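What follows is a short report on a single structure.
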Amino acid sequence: MSEEDIELEARLEEQATFEPSDSFVEQANVSDPSVYEEFDENWPNCWQAAAELLDWDEEYDQVLDDSNPPFYEWFTDGTLNASANCLDRHLDERGDEPAIEWVGEPVDEDDRTFTYAELHREVNECAAALRDLGVGEDDVVTMYMPMIPELPIAMLACARIGAPHSVVFAGFSADALATRMNAADSEYLITCDGYYRRGDPLDHLSKANEGLAGVDHEVSDVVVAERLRDGDGFGHGLAANQHTYDGLVADHEGATVDPVKRDAEDMLFLMYTSGTTGQPKGVKHTTGGYLAWTAWTSQAVLDIKPEDTYFCSADIGWITGHSYIVYGPLALGTTTMMYEGTPDHPDRDRLWEIVEEYEATQLYTAPTAIRAFMKWGGEYPDRHDLSSLRLLGTVGEPINPRAWKWYYKHIGNEECPIVDTWWQTETGGMMVTTLPGVKTMKPGSAGPPLPGVDAQVVDTNGDPVEAGRAGYLTVRKPWPGMLRTLYKNDERYIEEYWAEYSDTDSSDPEDWVYFPEDGAKLDEDGYITVLGRVDDVLNVSGHRLGTMEIESAIVGVEGVAEAAVVGGDHEVKGEAVYAYVITEDGYEEDDALRDRIVQAVEDAIGPIARPERVVFSPDLPKTRSGKIMRRLLEDIANEAELGDTSTLRNPDIVEDIQGKISGD
Ligand code: WTA
């Protein structure tokens, strides 16, 4: 490091807050601080501002119907179509402009640009093909696809014909696919033959087929997109109900499908996410509120303008990709990028190469990625001209100030504001973050709630904490992008998100409080520093994983008597999976068993849930009532100071486990 660099580093380290530059503020979509007050005063009608970003077939009657909390309805009786809002209405002005810039794995030169006119055509053909297969309004279509163009095309095609999609992350296992198709009674699957990872072809259809074998009802049709080139295939044959994507679409060349008028409250999609029990939760999002929310936040927070080239590096298989690669950006008519590969192939400057080549104007990524970039070193971004960037964003987990400042300096050249956006699958879009053209940034703290969002940090009784104190994050008023329920399970919806802080017998919306299950601190300046999950959900590289799901996979392994899974601190991943395992009598605590445990977790969930450590132990620390003390196991994983262990039924075991963690 040069002397200059060291000085700069020292200055940044001391600096606690940052202001957006004048030049950013001048051009920002939102720069008037009065927006906060104005939204408060006009709530809930302030959300007309979000609805106005959309084209409605029939105007809505009421902004919010809160007569039956927590089953809120937004923009009631309005009708619209999400695909028409993302495509058709942009054709006149933006028809020849790129809608999606798809950057493939660098196996060859197969990047593809889809103009709005081209994307519109492809979506129509796909919609016509799906309809011909028999997909009707409200039939759930499952998609199990990596980052290939057919994924957003199929999503928008489903939206066009009013069929909700349920996208399953391609890295999830066959079992996870089957569980989700079963839970949604989904009779259609769109998948692909395979894809490329770090240049190597990967078999995907075999995994999809294995999943299909676990589906408990008849699957009418399977559509298979072909991503692999000749010679890279895995010799798949297609079953009688399986069709190639290209074949189907070729049969519908030039076809057009009128966008179906959907009620604002009609389901747009389902997304399964991990919860405290083994069964994933089917989060239901609707057409009007969700689209309005993603469009409005894309405009206000990501500062997206039609002429931008906006780059979000998430996977569309997660909510971030749904909201901020597909729906929000396309609703605003901008150019959204889609990258198939990983950030380290062919080299660790891959993202920066893409930013430079496409002159990306925004980059939205996750703290886990930033920590990896930081570890790799500044020389990779320094090789490239990143001056096209105007704004940076993060999502998925808390970002530590050091990583924030590295991002600010090395990627943003100290000129781009950073938005640290707190939200969840369930919230549909951003909830707590600074408005980049208005607010001071404070590394490590997400910021104040967005205008019109009533987020509060409360104590265990539900009373707001004083400034400077930690507690639980809650949201007191509903918002348009919120989930409407858990699919076919209203009871669990109430139990999971509302029961904790609401009077569930009341029909007064004031008595209903949404609980996202995150801990948070209320800073002196009213900013919210999110601390992380307070339920049994881990956040590994920004991905939500239920400890129960992992534990149940492990106890299914022959020779395992009991297991407890907790999160241990990890430099890059944020949290890593630590599995403590008690073996059955007569089984060896050996590497073979360890391997079977790891394999079982990969089979049940996917490689993202792979345990970092499997620790065999003769017993687990338990309370006198027999409850496993997970907090203690977490402290042990982190080699942290342990509190009083004398109330345990088996205090001796603690030292034993500690020895194993530090010993091997
Ligand atoms: C965590 C991802 C701190 C949080 C969009 C939340 C964050 C969970 C942030 C949701 C942030 C997300 N700061 N924590 N900026 N953003 N989280 O459903 O624990 O995959 O509850 O949605 O990620 O994860 P999900």
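In the structure tokens, chains take letters A, B, ... by order of appearance, with residues numbered from 1 within each chain and ligands from 1 in the order shown.
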> Which residues form the shell of 7 Å around ligand 1 when you count only C-alpha atoms and all ligand atoms, given as number ranges by chain?
Replying inline: A: 273, 318-320, 394-399, 420-426, 446, 516-518, 530-533, 539, 542-544
>> Env of range 646-657 of chain A: 6 Å cut, atoms = only C-alpha atoms, seq-sep filter 3 positions within chain, self excluded. Answer as a list in words.
In response: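 Those residues are Lys622, Thr623, Arg624 and Lys660 of chain A.
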Selection above as a file: C-alpha atoms, as a PDB file, in the first residue's frame:
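After the write, result_34.pdb holds the following:
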```
ATOM      1  CA  LYS A 622     -29.448 -29.323  27.565  1.00  0.00           C
ATOM      2  CA  THR A 623     -31.591 -27.482  30.052  1.00  0.00           C
ATOM      3  CA  ARG A 624     -33.149 -29.438  32.877  1.00  0.00           C
ATOM      4  CA  LYS A 660     -13.302 -30.616  19.868  1.00  0.00           C
TER       5      LYS A 660
END
```
>> I need the strand (DSSP E) residues of range 116-230 of chain A per DSSP on the backbone, written as a PyMOL selection string.
In response: chain A and resi 141-143+165-167+188-192+194-197+200-203+221-225
>> Need to verify the contact set: range 83-92 of chain A, 6 Å, only C-alpha atoms, exclusion of same-chain residues closer than 5 positions in sequence. Can you return it as a PyMOL selection string?
In response: chain A and resi 120+156+159-160+330-331
>> Give me the residues near range 383-386 of chain A as a VMD selection string, where near means some atom within 7 Å (using only C-alpha atoms) and where sequence neighbours in that chain fewer than 2 positions away do not count.
In response: chain A and resid 352 to 353 355 to 356 379 to 381 388 to 389 411
> Residues at most 6 Å from range 25-32 of chain A, counting only C-alpha atoms, excluding those fewer than 4 positions away in the same chain, as a VMD selection string?
Replying inline: chain A and resid 300 303 437 to 438
> Could you pull the residues within 9 Å of Phe616 in chain A, counting only C-alpha atoms, minus those fewer than 6 positions along the same chain, as a ChimeraX atom specification?
Replying inline: /A:579-583,589-590,594,657,660
>> Just list as a PyMOL selection string whatever in range 126-332 of chain A DSSP marks as helix (DSSP H, G or I).
In response: chain A and resi 126-133+150-161+174-183+205-213+245-250+287-300+319-331
> Excluding same-chain residues fewer than 3 positions from Pro417 in chain A, what lies within 10 Å of it counting only C-alpha atoms, as a VMD selection string?
Replying inline: chain A and resid 18 to 21 24 to 25 390 to 393 408 412 414 420 434 to 437 439 to 441
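Taking CA of Asp246 in chain A and CA of Glu226 in chain A as endpoints, the distance between them is 7.6 Å.
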Where does range 118-160 of chain A meet range 183-186 of chain A within 9 Å, residue by residue, with the nearest atom pair and distance in Å to one decimal for each, counting only C-alpha atoms, listed by chain and rising number, as CSV?
```
residue,atom,partner,partner_atom,distance
A:Asp139,CA,A:Ser186,CA,7.1
A:Val140,CA,A:Ser186,CA,5.1
A:Val141,CA,A:Ser186,CA,6.0
A:Thr142,CA,A:Ser186,CA,6.4
```
> So, counting only C-alpha atoms, which residue among A:Gly428, A:Asp603, A:Arg229, A:Gly468 is closest to Glu210 in chain A?
Replying inline: A:Asp603
> So which one's closest to Pro69 in chain A, A:Val537, A:Val565, A:Val513, A:Ile605? Using only C-alpha atoms, please.
Replying inline: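 Looking at the shortest contact to Pro69 in chain A, the residue is A:Val513.
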>> Could you check the closest approach to Pro259 in chain A for each of A:Ile550, A:Ala455, A:Leu483, A:Ala163 and tell me which residue wins, using only C-alpha atoms?
In response: A:Ala163
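With only C-alpha atoms as the atoms that count, the residue of A:Asn81, A:Ser323, A:Thr286, A:Asn241 with the shortest distance to Gly429 in chain A is A:Ser323.
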> Just how far from CA of Ile325 in chain A is CA of Asp111 in chain A, in Å to one decimal?
Replying inline: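 Distance reported for this atom pair: 16.8 Å.
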